[in-house]
Amino acid sequence: MKHLIILLMLGVIPAWAQNAKIVRGPYLQNFTSTSGVIRWRTDVPTDSRVYYGKALPKNTQSVYDAHLTTEHEIKITRLIPNQTYFYSIASPQVLAHQFVKTLPKLGSNQAIRIWALGDFGTGSKNQLLVRDAVKNFVKQKPIDAWIWLGDNAYGSGKDVEYQKNVFEVYQDDFFSNTKLWPNPGNHDYKDNPDSKKLAYYQNFTMPMNGEAGGLKSGTEAYYSFNLGNVHFVSVNSEETSEDGTSIIDSTGQQAQWLKRDLAANKLPWTIVYFHEPPYSKGSHDTDTDEEMTKVRQQIVPIFDRYRVDLVLAGHSHSYERTKPIRGHLGQNDSFEAHKHVLAKEIKPNHYVVDKSSAQGTIYIVAGSGGQLGKSQASFPLKSSAFSTVALGGSLILDVEGKRLVGQWLGSDGKVHDEFSIHK
């Protein structure tokens, strides 16, 4: 009855509302400090409307699209940075009352929280346990950015798998209020031989024109965005660009964009994420896997050059965190701590980066958000600071000003690994 009253206050209930039903969403895409995209799916074609404001139904603005569709995508604009807005979908018959907080102003030092989740959409018990652990962990401090590390929907990234193993699993607790920045994996690319027709690209809206920060990429395959004083870069380890190259070609289209984007960044923190890691001894071995070897040989020098703080990946169904390393392009056995670890460690796993200390990059594999796997005989990496395949989990990152804290939260609800960087 409450929903009906609000609907009547906002306007006449449309005729189609008696028949339409939301079957996916709402979910939040491509949010900035002043705008964002709200998406949802209905079971029958309808028009689209979103009401939004600091309080509903007072001072409500709305965006309307008369086009009849089942895939609704509405952009709301003229928002205030770092402000909580309530929004409501005026279709179908029930007003879905949700909220979203816009991003802070560029360069803001305020505290932000990131949730990194990889290899998760399995429908497994582990996936549910990892989800519930995060749900309980973030009750007092919500997530500002939810980033995916690929292999989001098993086993082939089909729309029906996204629906069952992703949207239906996370909708109630995360999708409607958590800003999502996805990345695809090899399983997501099994959906269709034509990458432009993948369910991944049909389901998500990524910033391809630099509207969320960073340089324009001209494609949703890879992109960057800014959140407070953190620059994020979503690289695609699965995509072949128009010039026929992929990320493993350091002279190719994507790698050249990556170099320009990192060079242009002026924010103090840089986090790059993609699917296939350059360092792993989990279910995949970066000594023997040709693609991952090429990532290490061709792309790691770019991270070294531009002093990237964190590189996050999935693919291996493990959690593996390296020490801050630099210049290690060979196989695992070639790693030498005195040569490749570049960091001032004030106490174990807590690092300082300043003018007097060289900066290495911490590489993290967080690919056990749903899938669980075995490890190689040579597990863990010689560069490892902490590694495990015994338990599923995901990564929580908290950044405030000059301090970054990472915590790996297991499916048992306990923090099993913690590290920090202070600049």
# chains A, B, ... in the order shown; residues from 1 in each chain; ligands from 1

call {"tool": "select_by_dssp", "arguments": {"residues": "stretch 90-335 of chain A", "states": "strand (DSSP E)", "output": "ChimeraX atom specification"}}
result
/A:96-101,112-117,145-148,179-181,223-227,230-234,269-273,310-313,319-322

call {"tool": "closest_atom_pairs", "arguments": {"of": "stretch 104-143 of chain A", "to": "stretch 297-317 of chain A", "cutoff": "9 Å", "atoms": "only C-alpha atoms", "output": "JSON lines"}}
result
{"residue": "A:Ala116", "atom": "CA", "partner": "A:Leu312", "partner_atom": "CA", "distance": 8.1}
{"residue": "A:Leu117", "atom": "CA", "partner": "A:Gly314", "partner_atom": "CA", "distance": 8.2}
{"residue": "A:Gly118", "atom": "CA", "partner": "A:Gly314", "partner_atom": "CA", "distance": 5.2}
{"residue": "A:Asp119", "atom": "CA", "partner": "A:Gly314", "partner_atom": "CA", "distance": 6.3}

call {"tool": "atom_distance", "arguments": {"atom1": "atom CA of A:Val160", "atom2": "atom CA of A:Leu180"}}
result
19.5 Å

call {"tool": "residues_around", "arguments": {"residues": "stretch 196-213 of chain A", "least_positions_apart": "5", "cutoff": "6 Å", "atoms": "only C-alpha atoms", "output": "VMD selection string"}}
result
chain A and resid 29 to 30 32 158 to 159 191 218 to 220 225 to 226

call {"tool": "residues_around", "arguments": {"residues": "A:Gly25", "least_positions_apart": "5", "cutoff": "8 Å", "atoms": "only C-alpha atoms", "output": "ChimeraX atom specification"}}
result
/A:39-41,167,171,175-176

call {"tool": "residues_around", "arguments": {"residues": "A:Leu128", "least_positions_apart": "4", "cutoff": "8 Å", "atoms": "only C-alpha atoms", "output": "MDAnalysis selection string"}}
result
chainID A and resid 123:124 132 169 370

call {"tool": "closest_residue", "arguments": {"among": "A:Ser383, A:Ser411, A:Ser375, A:Ser237", "to": "A:Asp249", "atoms": "only C-alpha atoms"}}
result
A:Ser237

call {"tool": "residues_around", "arguments": {"residues": "A:Ile248", "least_positions_apart": "2", "cutoff": "9 Å", "atoms": "only C-alpha atoms", "output": "compact mmCIF listing (two decimals) with C-alpha atoms, in the first residue's frame"}}
result
# COMPACT_ATOMS: atom_id res chain seq x y z
CA SER A 237 43.37 -9.87 -21.06
CA THR A 245 46.63 -7.31 -31.18
CA SER A 246 45.86 -8.10 -27.55
CA SER A 250 53.18 -4.10 -25.80
CA THR A 251 53.03 -2.17 -29.09
CA GLY A 252 49.35 -2.93 -29.70
CA ALA A 255 48.84 -1.52 -24.44
CA GLU A 291 49.49 -16.11 -22.34
CA MET A 292 50.34 -15.32 -18.73
CA THR A 293 54.04 -15.51 -19.48
CA LYS A 294 53.57 -12.89 -22.19
CA VAL A 295 51.61 -10.67 -19.80
CA ARG A 296 54.57 -10.80 -17.44
CA GLN A 297 57.13 -10.14 -20.16
CA GLN A 298 55.26 -7.47 -22.10
CA ILE A 299 52.99 -5.66 -19.63

call {"tool": "select_by_dssp", "arguments": {"residues": "stretch 16-234 of chain A", "states": "alpha helix (DSSP H)", "output": "NGL selection string"}}
result
:A and (125-137 or 159-162 or 168-170 or 199-203)

call {"tool": "residues_around", "arguments": {"residues": "A:Thr322", "least_positions_apart": "3", "cutoff": "12 Å", "atoms": "only C-alpha atoms", "output": "ChimeraX atom specification"}}
result
/A:277-281,309-312,319,325-326,328,332,335,337,340-343,349,360-366,380-387,417,419

call {"tool": "atom_distance", "arguments": {"atom1": "atom CA of A:Trp146", "atom2": "atom CA of A:Asp412"}}
result
20.3 Å

call {"tool": "atom_distance", "arguments": {"atom1": "atom CA of A:Val233", "atom2": "atom CA of A:Ala263"}}
result
12.2 Å

call {"tool": "closest_residue", "arguments": {"among": "A:His67, A:Trp269, A:Phe120, A:Ser35", "to": "A:Tyr85", "atoms": "only C-alpha atoms"}}
result
A:Ser35

call {"tool": "closest_residue", "arguments": {"among": "A:Lys259, A:Gly185, A:Lys323, A:Phe137", "to": "A:Val415", "atoms": "only C-alpha atoms"}}
result
A:Phe137
